[in-house]
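J.: Starting off with a structure, shown below.
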Amino acid sequence: MKILVVDDSIVYRTAINQALSEVPGYNVFKTCSNGKIAVDFLKQNPDTDLITLDMEMPVMDGMETIKEIRKFNSKVVIIVFSAITTRGAERTIDALSSGADDFVTKIEGQGTIESSIEMIRDELVPKIEALKSKRATAPISPEQTSLAPIKPKGVPEASSTMSDVVSTMNVKPKLVLIGCSTGGPEALTKIFKGITERPSYPMLIVQHMPPLFTKKLAEMLDKVSPVDVREAAGGEKLENGVCYIAPGDYHMKLEKDLSLSLNQDEKVCFVRPAVDVLFQSVSENFSNQVMSIILTGMGEDGANGCEALKEKQAYQFIQDEGSSVVWGMPGAVNRRNIGAKILNLEDFGPLLTEIAKRI
């Protein structure tokens, strides 16, 4: 794997170079101090597999660099480094919505090569492993429905529409759940831009992100759709037309009185918030029809929760492999053989709109 490291800090350039060069199969064959150099280099070296990119740089910053790169190269994987600040969160959300594949938060203030290398080994290397083939692979069962461009045996013809999918729902959903991780912000942005009617149902989202970042994600999604999107504060009762996002570092649960609660219990599937925690609480406390969606993401969070929802006869959907940045979470649900239908990312916005019209 050919890797380009872009950072104006010589400490981080050195740390990233050293940490990644120690991984078998990784070749850091160029480091540079700003985006302009990176863009010029990438044009001459289109076989570059992955770029680590700082957001705050002179000459050409991270955001400008992403936009320039995506004009001529859609395949290279881009992982951005972000400061854990309000500005850092804001810019990272913009970067993920503009073509970056994932992000790693910088540990500010330490400033030593050793501490930076340790952080990179812990945070960056697993993400590169998940992203290096753009997705994980798993077999697709022929019994599943798919509206994706490539369809397995036994699915509807290409003329199938969202109306056809909705017509199979004898009882319309009264609550929509979404879980996602790597690639989630961009996927959510596309979905929410595709929702053209204010939903007549509440929505709950778990996106794996740290504090500050989930608040900025909620603000961004609120601007691009008719949905009222908020970061959950805890204690609120579900309202139709409102989408609540679990805050970073807090599990979100639905209680029996249909209020939301937050806690910092142990991580589940190595994450907090966890999709499994939310989905399990909904399976226990929500008596009406539920629809769940698992989008792109690394790991297996959500698979256990979807199994719990199967017992409640929830309508379950997963993002298809081709449109996922990483098919870890959707693939994990697929392997459970619980009847989750596979849809292309482009179909979820129209689906949620169609449901809103019919309730």
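Numbering starts fresh at 1 for the residues of each chain in the structure tokens, the chains themselves are lettered A, B, ... in the order given, and ligands are numbered from 1 as they appear.
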Quick one: everything within 10 Å of region 284-293 of chain A, counting only C-alpha atoms, minus sequence neighbours fewer than 6 positions away in the same chain. Send it as number ranges by chain.
T.: A: 169-180, 203-205, 253-258, 302, 305-306, 308-310, 312-319, 330, 340-343, 348, 352
J.: Please produce a file of those selected residues containing N, CA and C atoms, as a compact mmCIF listing (two decimals), in the first residue's frame.
T.:
```txt
# COMPACT_ATOMS: atom_id res chain seq x y z
N MET A 169 -45.08 -3.23 3.33
CA MET A 169 -45.15 -2.94 4.76
C MET A 169 -46.62 -2.83 5.15
N ASN A 170 -47.17 -3.92 5.66
CA ASN A 170 -48.59 -3.93 6.02
C ASN A 170 -48.91 -2.93 7.12
N VAL A 171 -47.99 -2.76 8.04
CA VAL A 171 -48.13 -1.75 9.09
C VAL A 171 -47.00 -0.75 8.90
N LYS A 172 -47.33 0.51 8.74
CA LYS A 172 -46.30 1.50 8.47
C LYS A 172 -45.47 1.78 9.72
N PRO A 173 -44.16 2.02 9.54
CA PRO A 173 -43.28 2.27 10.68
C PRO A 173 -43.69 3.50 11.48
N LYS A 174 -43.56 3.40 12.78
CA LYS A 174 -43.83 4.53 13.67
C LYS A 174 -42.54 5.06 14.30
N LEU A 175 -41.41 4.42 13.97
CA LEU A 175 -40.11 4.86 14.47
C LEU A 175 -39.04 4.32 13.52
N VAL A 176 -38.09 5.20 13.16
CA VAL A 176 -37.00 4.81 12.27
C VAL A 176 -35.68 4.91 13.03
N LEU A 177 -34.88 3.84 12.96
CA LEU A 177 -33.58 3.78 13.62
C LEU A 177 -32.48 3.68 12.57
N ILE A 178 -31.38 4.39 12.79
CA ILE A 178 -30.24 4.34 11.87
C ILE A 178 -28.96 4.17 12.67
N GLY A 179 -28.11 3.25 12.23
CA GLY A 179 -26.81 3.06 12.84
C GLY A 179 -25.72 3.11 11.79
N CYS A 180 -24.59 3.78 12.10
CA CYS A 180 -23.52 3.91 11.12
C CYS A 180 -22.21 4.28 11.81
N MET A 203 -37.10 9.81 14.49
CA MET A 203 -35.92 9.07 14.04
C MET A 203 -34.86 9.11 15.13
N LEU A 204 -34.11 8.01 15.27
CA LEU A 204 -33.01 7.93 16.23
C LEU A 204 -31.77 7.45 15.50
N ILE A 205 -30.65 8.14 15.70
CA ILE A 205 -29.40 7.80 15.00
C ILE A 205 -28.27 7.59 16.00
N LYS A 253 -30.58 5.39 24.98
CA LYS A 253 -31.58 4.33 25.12
C LYS A 253 -32.98 4.93 25.07
N LEU A 254 -33.93 4.13 24.59
CA LEU A 254 -35.35 4.51 24.63
C LEU A 254 -35.97 3.83 25.84
N GLU A 255 -36.60 4.63 26.71
CA GLU A 255 -37.20 4.09 27.92
C GLU A 255 -38.67 3.72 27.67
N LYS A 256 -39.30 3.08 28.65
CA LYS A 256 -40.68 2.60 28.50
C LYS A 256 -41.68 3.74 28.28
N ASP A 257 -41.38 4.92 28.84
CA ASP A 257 -42.28 6.05 28.65
C ASP A 257 -41.98 6.82 27.36
N LEU A 258 -41.16 6.21 26.50
CA LEU A 258 -40.77 6.77 25.20
C LEU A 258 -39.97 8.06 25.35
N GLY A 302 -24.45 -3.25 15.94
CA GLY A 302 -25.76 -3.22 15.30
C GLY A 302 -26.31 -4.60 14.98
N GLY A 305 -28.33 -5.95 17.93
CA GLY A 305 -29.54 -5.15 18.05
C GLY A 305 -30.56 -5.49 16.98
N CYS A 306 -30.07 -5.73 15.76
CA CYS A 306 -30.99 -6.12 14.67
C CYS A 306 -31.61 -7.48 14.93
N ALA A 308 -32.35 -8.61 17.87
CA ALA A 308 -33.38 -8.35 18.87
C ALA A 308 -34.63 -7.76 18.21
N LEU A 309 -34.42 -6.87 17.23
CA LEU A 309 -35.56 -6.24 16.54
C LEU A 309 -36.30 -7.23 15.65
N LYS A 310 -35.61 -8.27 15.19
CA LYS A 310 -36.28 -9.28 14.38
C LYS A 310 -37.43 -9.92 15.15
N LYS A 312 -39.29 -8.53 17.11
CA LYS A 312 -40.40 -7.57 17.12
C LYS A 312 -40.97 -7.35 15.72
N GLN A 313 -40.50 -8.16 14.76
CA GLN A 313 -40.94 -8.08 13.36
C GLN A 313 -40.70 -6.70 12.76
N ALA A 314 -39.55 -6.13 13.08
CA ALA A 314 -39.18 -4.84 12.51
C ALA A 314 -38.85 -4.98 11.03
N TYR A 315 -39.07 -3.91 10.27
CA TYR A 315 -38.62 -3.85 8.89
C TYR A 315 -37.14 -3.45 8.94
N GLN A 316 -36.27 -4.29 8.36
CA GLN A 316 -34.85 -4.05 8.50
C GLN A 316 -34.18 -3.92 7.14
N PHE A 317 -33.29 -2.93 7.04
CA PHE A 317 -32.58 -2.64 5.80
C PHE A 317 -31.10 -2.43 6.10
N ILE A 318 -30.25 -2.80 5.14
CA ILE A 318 -28.82 -2.51 5.24
C ILE A 318 -28.35 -1.89 3.93
N GLN A 319 -27.32 -1.07 4.02
CA GLN A 319 -26.73 -0.46 2.83
C GLN A 319 -25.97 -1.51 2.04
N PRO A 330 -22.96 -3.38 7.94
CA PRO A 330 -24.02 -4.01 7.14
C PRO A 330 -23.73 -5.48 6.87
N ALA A 340 -32.85 -8.98 6.56
CA ALA A 340 -32.65 -7.56 6.26
C ALA A 340 -32.51 -7.37 4.75
N LYS A 341 -33.23 -6.42 4.21
CA LYS A 341 -33.20 -6.15 2.78
C LYS A 341 -32.04 -5.20 2.47
N ILE A 342 -31.45 -5.37 1.30
CA ILE A 342 -30.28 -4.58 0.90
C ILE A 342 -30.72 -3.48 -0.07
N LEU A 343 -30.35 -2.25 0.25
CA LEU A 343 -30.66 -1.12 -0.62
C LEU A 343 -29.40 -0.33 -0.93
N PHE A 348 -32.38 5.29 0.12
CA PHE A 348 -32.91 5.49 1.47
C PHE A 348 -33.67 6.80 1.63
N LEU A 352 -37.60 6.91 2.84
CA LEU A 352 -38.07 7.61 4.03
C LEU A 352 -39.12 8.66 3.67
```
J.: Can you check which residues of region 144-310 of chain A DSSP gives as strand (DSSP E) on the backbone and send them as a PyMOL selection string?
T.: chain A and resi 175-180+203-207+228-231+242-245+251-254+260-263+290-294
J.: Next, the residues of the selection above should be written as an mmCIF file, in the first residue's frame with C-alpha atoms.
T.:
```
data_model
loop_
_atom_site.group_PDB
_atom_site.id
_atom_site.type_symbol
_atom_site.label_atom_id
_atom_site.label_comp_id
_atom_site.auth_asym_id
_atom_site.auth_seq_id
_atom_site.Cartn_x
_atom_site.Cartn_y
_atom_site.Cartn_z
ATOM 1 C CA LEU A 175 -40.109 4.858 14.467
ATOM 2 C CA VAL A 176 -36.998 4.807 12.273
ATOM 3 C CA LEU A 177 -33.585 3.781 13.620
ATOM 4 C CA ILE A 178 -30.242 4.339 11.865
ATOM 5 C CA GLY A 179 -26.808 3.057 12.844
ATOM 6 C CA CYS A 180 -23.516 3.910 11.122
ATOM 7 C CA MET A 203 -35.920 9.075 14.036
ATOM 8 C CA LEU A 204 -33.011 7.928 16.229
ATOM 9 C CA ILE A 205 -29.400 7.804 15.004
ATOM 10 C CA VAL A 206 -26.231 6.347 16.441
ATOM 11 C CA GLN A 207 -23.103 7.474 14.566
ATOM 12 C CA ASP A 228 -35.646 18.702 12.740
ATOM 13 C CA VAL A 229 -32.285 17.146 13.670
ATOM 14 C CA ARG A 230 -30.927 17.506 17.213
ATOM 15 C CA GLU A 231 -28.218 16.028 19.381
ATOM 16 C CA VAL A 242 -37.655 15.068 14.915
ATOM 17 C CA CYS A 243 -34.402 13.127 14.605
ATOM 18 C CA TYR A 244 -32.262 12.609 17.705
ATOM 19 C CA ILE A 245 -28.539 11.789 17.403
ATOM 20 C CA HIS A 251 -25.052 5.456 24.978
ATOM 21 C CA MET A 252 -28.605 6.459 24.057
ATOM 22 C CA LYS A 253 -31.580 4.335 25.121
ATOM 23 C CA LEU A 254 -35.345 4.508 24.633
ATOM 24 C CA LEU A 260 -34.568 9.152 25.776
ATOM 25 C CA SER A 261 -31.910 8.471 28.374
ATOM 26 C CA LEU A 262 -28.128 8.788 28.170
ATOM 27 C CA ASN A 263 -25.471 6.905 30.087
ATOM 28 C CA VAL A 290 -40.112 -0.117 13.816
ATOM 29 C CA MET A 291 -37.852 0.269 10.789
ATOM 30 C CA SER A 292 -34.068 -0.088 11.161
ATOM 31 C CA ILE A 293 -31.273 0.905 8.786
ATOM 32 C CA ILE A 294 -27.629 -0.103 9.133
#
```
J.: Provide the CA of Ile37 (chain A) to CA of Leu53 (chain A) distance in Å, to one decimal place.
T.: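 Those two atoms sit 12.0 Å apart.
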J.: So, counting only C-alpha atoms, which residue among A:Asp47, A:Gly35, A:Tyr12, A:Leu278 is closest to Ile117 (chain A)?
T.: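 Smallest distance to Ile117 (chain A) is found for A:Tyr12.
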J.: Using only C-alpha atoms, which residues sit within 12 Å of Glu114 (chain A) once same-chain residues fewer than 5 positions away are excluded, as a PyMOL selection string?
T.: chain A and resi 11-12+14-16+18-19+119-121
J.: At a cut-off of 7 Å, using only C-alpha atoms, what residues contact region 192-195 of chain A? Leave out same-chain residues fewer than 3 positions from it and give the result as an MDAnalysis selection string.
T.: chainID A and resid 188:189 221 224:225 349:350 352:353
J.: List the neighbours of Glu186 (chain A) out to 9 Å using only C-alpha atoms; skip same-chain residues closer than 5 positions along the sequence, and give me the result as an MDAnalysis selection string.
T.: chainID A and resid 93 96:101 191
J.: Residues near Thr65 (chain A), anyone? I mean within 8 Å using only C-alpha atoms, not counting same-chain ones fewer than 5 positions away, as a ChimeraX atom specification.
T.: /A:35-36,38-39,60
J.: Atoms to include: N, CA and C atoms. Write the selected residues as a PDB file, in the first residue's frame.
T.:
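This is the output file selection10.pdb:
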```pdb
ATOM      1  N   GLY A  35      -1.223  21.085   1.297  1.00  0.00           N
ATOM      2  CA  GLY A  35      -2.081  20.440   0.323  1.00  0.00           C
ATOM      3  C   GLY A  35      -1.690  20.678  -1.115  1.00  0.00           C
ATOM      4  N   LYS A  36      -1.111  21.824  -1.409  1.00  0.00           N
ATOM      5  CA  LYS A  36      -0.717  22.135  -2.786  1.00  0.00           C
ATOM      6  C   LYS A  36       0.339  21.133  -3.269  1.00  0.00           C
ATOM      7  N   ALA A  38       0.766  18.184  -2.076  1.00  0.00           N
ATOM      8  CA  ALA A  38       0.108  16.874  -2.132  1.00  0.00           C
ATOM      9  C   ALA A  38      -0.680  16.691  -3.423  1.00  0.00           C
ATOM     10  N   VAL A  39      -1.433  17.709  -3.815  1.00  0.00           N
ATOM     11  CA  VAL A  39      -2.242  17.627  -5.040  1.00  0.00           C
ATOM     12  C   VAL A  39      -1.341  17.448  -6.260  1.00  0.00           C
ATOM     13  N   MET A  60      -2.469  25.530   1.232  1.00  0.00           N
ATOM     14  CA  MET A  60      -3.738  24.890   0.895  1.00  0.00           C
ATOM     15  C   MET A  60      -4.115  23.982   2.054  1.00  0.00           C
TER      16      MET A  60
END
```
J.: Write out as a PyMOL selection string the residues lying within 10 Å of region 84-90 of chain A, counting only C-alpha atoms and excluding same-chain residues fewer than 4 positions away.
T.: chain A and resi 55-56+94-95+104-108+209-217+219-220
J.: Using only C-alpha atoms, which of A:Lys132, A:Lys237, A:His208, A:Lys71 sits nearest Met329 (chain A)?
T.: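 Ranking A:Lys132, A:Lys237, A:His208, A:Lys71 by distance to Met329 (chain A), first place goes to A:His208.
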J.: Separation of CA of Met1 (chain A) and CA of Ile78 (chain A), in Å?
T.: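 Taking CA of Met1 (chain A) as the start and CA of Ile78 (chain A) as the end point, the length is 13.3 Å.
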